>>> print(open('my_file_34.pdb').read())   # PDB, C-alpha atoms
MODEL        1
ATOM      1  CA  MET A  17     -18.717 100.548  54.804  1.00  0.00           C
ATOM      2  CA  ARG A  18     -18.851 102.505  58.050  1.00  0.00           C
ATOM      3  CA  PRO A  19     -19.662  99.487  60.298  1.00  0.00           C
ATOM      4  CA  ARG A  20     -16.839  97.503  58.708  1.00  0.00           C
ATOM      5  CA  LEU A  21     -14.402 100.377  59.211  1.00  0.00           C
ATOM      6  CA  VAL A  22     -15.443 100.767  62.841  1.00  0.00           C
ATOM      7  CA  ALA A  23     -14.902  97.028  63.404  1.00  0.00           C
ATOM      8  CA  PHE A  24     -11.528  97.132  61.637  1.00  0.00           C
ATOM      9  CA  ALA A  25     -10.423 100.167  63.654  1.00  0.00           C
ATOM     10  CA  ALA A  26     -11.521  98.484  66.888  1.00  0.00           C
ATOM     11  CA  GLU A  27      -9.471  95.403  66.001  1.00  0.00           C
ATOM     12  CA  LEU A  28      -6.451  97.395  64.893  1.00  0.00           C
ATOM     13  CA  LEU A  29      -6.462 100.049  67.615  1.00  0.00           C
ATOM     14  CA  GLY A  30      -8.091  98.104  70.444  1.00  0.00           C
ATOM     15  CA  GLY A  31      -4.802  97.773  72.293  1.00  0.00           C
ATOM     16  CA  LEU A  32      -4.347 101.518  72.669  1.00  0.00           C
ATOM     17  CA  ALA A  33      -4.784 102.470  76.298  1.00  0.00           C
ATOM     18  CA  ARG A  34      -6.640 105.751  75.813  1.00  0.00           C
ATOM     19  CA  ALA A  35     -10.045 106.233  74.192  1.00  0.00           C
ATOM     20  CA  ASP A  36      -8.979 109.541  72.619  1.00  0.00           C
ATOM     21  CA  GLN A  37      -6.093 107.781  70.857  1.00  0.00           C
ATOM     22  CA  ARG A  38      -8.454 105.116  69.518  1.00  0.00           C
ATOM     23  CA  ALA A  39     -10.866 107.810  68.288  1.00  0.00           C
ATOM     24  CA  LYS A  40      -8.131 109.809  66.567  1.00  0.00           C
ATOM     25  CA  GLY A  41      -6.716 106.633  65.083  1.00  0.00           C
ATOM     26  CA  GLU A  42     -10.108 105.821  63.589  1.00  0.00           C
ATOM     27  CA  LEU A  43     -10.319 109.349  62.172  1.00  0.00           C
ATOM     28  CA  TYR A  44      -6.896 108.907  60.594  1.00  0.00           C
ATOM     29  CA  LEU A  45      -7.940 105.594  59.016  1.00  0.00           C
ATOM     30  CA  ARG A  46     -11.117 107.191  57.666  1.00  0.00           C
ATOM     31  CA  GLY A  47      -9.074 110.044  56.220  1.00  0.00           C
ATOM     32  CA  LEU A  48      -6.780 107.630  54.420  1.00  0.00           C
ATOM     33  CA  LEU A  49      -9.743 105.792  52.896  1.00  0.00           C
ATOM     34  CA  LEU A  50     -11.757 108.827  51.779  1.00  0.00           C
ATOM     35  CA  ASP A  51     -11.618 110.024  48.191  1.00  0.00           C
ATOM     36  CA  GLY A  52      -9.011 112.647  47.491  1.00  0.00           C
ATOM     37  CA  LYS A  53      -5.588 112.778  45.937  1.00  0.00           C
ATOM     38  CA  ARG A  54      -3.768 114.337  48.870  1.00  0.00           C
ATOM     39  CA  LYS A  55      -3.426 112.236  52.002  1.00  0.00           C
ATOM     40  CA  SER A  56      -1.526 114.787  54.070  1.00  0.00           C
ATOM     41  CA  MET A  57      -3.030 115.977  57.351  1.00  0.00           C
ATOM     42  CA  GLN A  58      -4.673 119.224  56.248  1.00  0.00           C
ATOM     43  CA  PRO A  59      -6.564 117.874  53.211  1.00  0.00           C
ATOM     44  CA  MET A  60      -7.646 114.764  55.129  1.00  0.00           C
ATOM     45  CA  ALA A  61      -8.818 116.869  58.075  1.00  0.00           C
ATOM     46  CA  ALA A  62     -10.774 119.155  55.748  1.00  0.00           C
ATOM     47  CA  ARG A  63     -12.566 116.153  54.227  1.00  0.00           C
ATOM     48  CA  LEU A  64     -13.308 114.819  57.721  1.00  0.00           C
ATOM     49  CA  GLY A  65     -14.420 118.198  59.063  1.00  0.00           C
ATOM     50  CA  VAL A  66     -11.909 118.219  61.946  1.00  0.00           C
ATOM     51  CA  ASP A  67      -8.912 120.316  62.954  1.00  0.00           C
ATOM     52  CA  HIS A  68      -5.786 118.986  61.251  1.00  0.00           C
ATOM     53  CA  GLN A  69      -3.860 119.266  64.521  1.00  0.00           C
ATOM     54  CA  GLN A  70      -5.869 116.327  65.912  1.00  0.00           C
ATOM     55  CA  LEU A  71      -4.535 114.064  63.183  1.00  0.00           C
ATOM     56  CA  GLN A  72      -1.057 115.582  63.311  1.00  0.00           C
ATOM     57  CA  GLN A  73      -0.787 115.074  67.060  1.00  0.00           C
ATOM     58  CA  PHE A  74      -1.944 111.448  66.815  1.00  0.00           C
ATOM     59  CA  VAL A  75       0.627 110.593  64.157  1.00  0.00           C
ATOM     60  CA  THR A  76       3.619 112.586  65.397  1.00  0.00           C
ATOM     61  CA  SER A  77       3.339 113.170  69.147  1.00  0.00           C
ATOM     62  CA  SER A  78       0.939 110.710  70.718  1.00  0.00           C
ATOM     63  CA  THR A  79       2.599 107.964  72.734  1.00  0.00           C
ATOM     64  CA  TRP A  80       1.335 104.612  71.496  1.00  0.00           C
ATOM     65  CA  ASP A  81       3.034 101.368  70.664  1.00  0.00           C
ATOM     66  CA  TYR A  82       3.143 101.222  66.882  1.00  0.00           C
ATOM     67  CA  ALA A  83       4.631  97.705  67.033  1.00  0.00           C
ATOM     68  CA  GLN A  84       1.472  96.442  68.716  1.00  0.00           C
ATOM     69  CA  VAL A  85      -0.712  98.061  66.046  1.00  0.00           C
ATOM     70  CA  ARG A  86       1.492  96.636  63.286  1.00  0.00           C
ATOM     71  CA  GLY A  87       1.247  93.197  64.895  1.00  0.00           C
ATOM     72  CA  ARG A  88      -2.537  93.415  64.979  1.00  0.00           C
ATOM     73  CA  LEU A  89      -2.538  94.487  61.342  1.00  0.00           C
ATOM     74  CA  ALA A  90      -0.279  91.575  60.375  1.00  0.00           C
ATOM     75  CA  ARG A  91      -2.576  89.096  62.140  1.00  0.00           C
ATOM     76  CA  TRP A  92      -5.607  90.635  60.416  1.00  0.00           C
ATOM     77  CA  ALA A  93      -3.955  90.406  56.986  1.00  0.00           C
TER      78      ALA A  93
ENDMDL
END
>>> encode(input="my_file_34.pdb", output="structure tokens")
Amino acid sequence: MRPRLVAFAAELLGGLARADQRAKGELYLRGLLLDGKRKSMQPMAARLGVDHQQLQQFVTSSTWDYAQVRGRLARWA
């Protein structure tokens, strides 16, 4: 599944200008897809083995055009 997820993340997040945003976006997608009942930042980060602030910052503070990502997702679907 990993190669498919990487390809999906590249398609979905490819328009983001910064590589760190694309990497954190892929982490967030992986966290959503991993087993586990709780999909909040801290449990997802624990399952991924990363600091939860990385995910939190990507979702809440990072400046990226969510409309572009949603458009890419709509075209993919």
>>> residues_near_point(input="my_file_34.pdb", point="(0.3, 115.4, 65.2)", cutoff="12 Å", atoms="all atoms listed in the file", output="compact mmCIF listing (two decimals) with C-alpha atoms, in the frame of the given file")
# COMPACT_ATOMS: atom_id res chain seq x y z
CA GLN A 37 -6.09 107.78 70.86
CA LYS A 40 -8.13 109.81 66.57
CA GLY A 41 -6.72 106.63 65.08
CA TYR A 44 -6.90 108.91 60.59
CA SER A 56 -1.53 114.79 54.07
CA MET A 57 -3.03 115.98 57.35
CA GLN A 58 -4.67 119.22 56.25
CA ALA A 61 -8.82 116.87 58.08
CA ASP A 67 -8.91 120.32 62.95
CA HIS A 68 -5.79 118.99 61.25
CA GLN A 69 -3.86 119.27 64.52
CA GLN A 70 -5.87 116.33 65.91
CA LEU A 71 -4.54 114.06 63.18
CA GLN A 72 -1.06 115.58 63.31
CA GLN A 73 -0.79 115.07 67.06
CA PHE A 74 -1.94 111.45 66.82
CA VAL A 75 0.63 110.59 64.16
CA THR A 76 3.62 112.59 65.40
CA SER A 77 3.34 113.17 69.15
CA SER A 78 0.94 110.71 70.72
CA THR A 79 2.60 107.96 72.73
>>> atom_distance(input="my_file_34.pdb", atom1="CA of Tyr82 (chain A)", atom2="CA of Met60 (chain A)")
20.9 Å
>>> resolve_selection(input="my_file_34.pdb", expression="the PyMOL selection byres ((chain A and resi 42) around 12)", output="VMD selection string")
chain A and resid 18 to 30 32 35 to 41 43 to 49 64 70 to 71 74 to 75
>>> atom_distance(input="my_file_34.pdb", atom1="CA of Leu50 (chain A)", atom2="CA of Gly65 (chain A)")
12.2 Å
>>> atom_distance(input="my_file_34.pdb", atom1="CA of Arg63 (chain A)", atom2="CA of Asp51 (chain A)")
8.7 Å
>>> decode(input="my_file_34.pdb", residues="chain A", atoms="C-alpha atoms", output="PDB file, in the first residue's frame")
ATOM      1  CA  MET A  17       0.000   0.000   0.000  1.00  0.00           C
ATOM      2  CA  ARG A  18       2.870   2.387   0.678  1.00  0.00           C
ATOM      3  CA  PRO A  19       3.727   3.033  -3.019  1.00  0.00           C
ATOM      4  CA  ARG A  20       0.067   3.702  -3.785  1.00  0.00           C
ATOM      5  CA  LEU A  21      -0.209   6.107  -0.854  1.00  0.00           C
ATOM      6  CA  VAL A  22       2.940   7.940  -1.921  1.00  0.00           C
ATOM      7  CA  ALA A  23       1.545   8.290  -5.459  1.00  0.00           C
ATOM      8  CA  PHE A  24      -1.830   9.465  -4.138  1.00  0.00           C
ATOM      9  CA  ALA A  25      -0.183  11.997  -1.819  1.00  0.00           C
ATOM     10  CA  ALA A  26       1.988  13.277  -4.673  1.00  0.00           C
ATOM     11  CA  GLU A  27      -1.107  13.763  -6.833  1.00  0.00           C
ATOM     12  CA  LEU A  28      -3.126  15.360  -4.059  1.00  0.00           C
ATOM     13  CA  LEU A  29      -0.415  17.548  -2.540  1.00  0.00           C
ATOM     14  CA  GLY A  30       1.765  18.141  -5.596  1.00  0.00           C
ATOM     15  CA  GLY A  31       0.574  21.722  -5.919  1.00  0.00           C
ATOM     16  CA  LEU A  32       1.889  22.732  -2.509  1.00  0.00           C
ATOM     17  CA  ALA A  33       4.834  25.056  -2.945  1.00  0.00           C
ATOM     18  CA  ARG A  34       7.004  23.776  -0.099  1.00  0.00           C
ATOM     19  CA  ALA A  35       8.472  20.288   0.265  1.00  0.00           C
ATOM     20  CA  ASP A  36       7.975  20.325   4.047  1.00  0.00           C
ATOM     21  CA  GLN A  37       4.246  20.945   3.558  1.00  0.00           C
ATOM     22  CA  ARG A  38       4.019  18.037   1.118  1.00  0.00           C
ATOM     23  CA  ALA A  39       5.878  15.777   3.572  1.00  0.00           C
ATOM     24  CA  LYS A  40       3.667  16.746   6.507  1.00  0.00           C
ATOM     25  CA  GLY A  41       0.591  16.355   4.344  1.00  0.00           C
ATOM     26  CA  GLU A  42       1.653  12.818   3.475  1.00  0.00           C
ATOM     27  CA  LEU A  43       2.205  12.084   7.170  1.00  0.00           C
ATOM     28  CA  TYR A  44      -1.286  13.363   7.933  1.00  0.00           C
ATOM     29  CA  LEU A  45      -2.800  11.147   5.221  1.00  0.00           C
ATOM     30  CA  ARG A  46      -0.903   8.137   6.563  1.00  0.00           C
ATOM     31  CA  GLY A  47      -2.151   8.904  10.063  1.00  0.00           C
ATOM     32  CA  LEU A  48      -5.744   9.003   8.874  1.00  0.00           C
ATOM     33  CA  LEU A  49      -5.372   5.633   7.147  1.00  0.00           C
ATOM     34  CA  LEU A  50      -3.587   3.772   9.951  1.00  0.00           C
ATOM     35  CA  ASP A  51      -5.510   1.511  12.300  1.00  0.00           C
ATOM     36  CA  GLY A  52      -6.756   3.170  15.440  1.00  0.00           C
ATOM     37  CA  LYS A  53     -10.019   4.531  16.723  1.00  0.00           C
ATOM     38  CA  ARG A  54      -8.825   8.040  17.502  1.00  0.00           C
ATOM     39  CA  LYS A  55      -7.852  10.223  14.564  1.00  0.00           C
ATOM     40  CA  SER A  56      -6.893  13.300  16.566  1.00  0.00           C
ATOM     41  CA  MET A  57      -3.354  14.651  16.270  1.00  0.00           C
ATOM     42  CA  GLN A  58      -1.733  13.088  19.334  1.00  0.00           C
ATOM     43  CA  PRO A  59      -2.867   9.480  18.770  1.00  0.00           C
ATOM     44  CA  MET A  60      -2.068   9.694  15.050  1.00  0.00           C
ATOM     45  CA  ALA A  61       1.372  11.152  15.774  1.00  0.00           C
ATOM     46  CA  ALA A  62       2.076   8.406  18.310  1.00  0.00           C
ATOM     47  CA  ARG A  63       1.223   5.735  15.726  1.00  0.00           C
ATOM     48  CA  LEU A  64       3.444   7.489  13.172  1.00  0.00           C
ATOM     49  CA  GLY A  65       6.300   8.018  15.625  1.00  0.00           C
ATOM     50  CA  VAL A  66       6.424  11.807  15.131  1.00  0.00           C
ATOM     51  CA  ASP A  67       5.799  14.872  17.278  1.00  0.00           C
ATOM     52  CA  HIS A  68       2.102  15.753  17.209  1.00  0.00           C
ATOM     53  CA  GLN A  69       2.965  19.426  16.714  1.00  0.00           C
ATOM     54  CA  GLN A  70       4.125  18.636  13.159  1.00  0.00           C
ATOM     55  CA  LEU A  71       0.654  17.425  12.247  1.00  0.00           C
ATOM     56  CA  GLN A  72      -1.070  20.153  14.247  1.00  0.00           C
ATOM     57  CA  GLN A  73       0.931  22.895  12.556  1.00  0.00           C
ATOM     58  CA  PHE A  74       0.222  21.492   9.081  1.00  0.00           C
ATOM     59  CA  VAL A  75      -3.526  21.368   9.672  1.00  0.00           C
ATOM     60  CA  THR A  76      -4.039  24.580  11.643  1.00  0.00           C
ATOM     61  CA  SER A  77      -1.260  27.057  10.856  1.00  0.00           C
ATOM     62  CA  SER A  78       0.457  26.168   7.609  1.00  0.00           C
ATOM     63  CA  THR A  79      -0.411  28.436   4.701  1.00  0.00           C
ATOM     64  CA  TRP A  80      -1.574  26.297   1.796  1.00  0.00           C
ATOM     65  CA  ASP A  81      -4.457  26.554  -0.598  1.00  0.00           C
ATOM     66  CA  TYR A  82      -6.978  23.983   0.571  1.00  0.00           C
ATOM     67  CA  ALA A  83      -9.196  24.743  -2.447  1.00  0.00           C
ATOM     68  CA  GLN A  84      -6.449  23.530  -4.768  1.00  0.00           C
ATOM     69  CA  VAL A  85      -6.055  20.308  -2.774  1.00  0.00           C
ATOM     70  CA  ARG A  86      -9.827  19.788  -2.742  1.00  0.00           C
ATOM     71  CA  GLY A  87      -9.914  20.344  -6.505  1.00  0.00           C
ATOM     72  CA  ARG A  88      -7.206  17.743  -7.034  1.00  0.00           C
ATOM     73  CA  LEU A  89      -9.110  15.333  -4.810  1.00  0.00           C
ATOM     74  CA  ALA A  90     -12.336  15.931  -6.748  1.00  0.00           C
ATOM     75  CA  ARG A  91     -10.574  15.249 -10.059  1.00  0.00           C
ATOM     76  CA  TRP A  92      -9.033  12.074  -8.616  1.00  0.00           C
ATOM     77  CA  ALA A  93     -12.412  10.833  -7.356  1.00  0.00           C
TER      78      ALA A  93
END
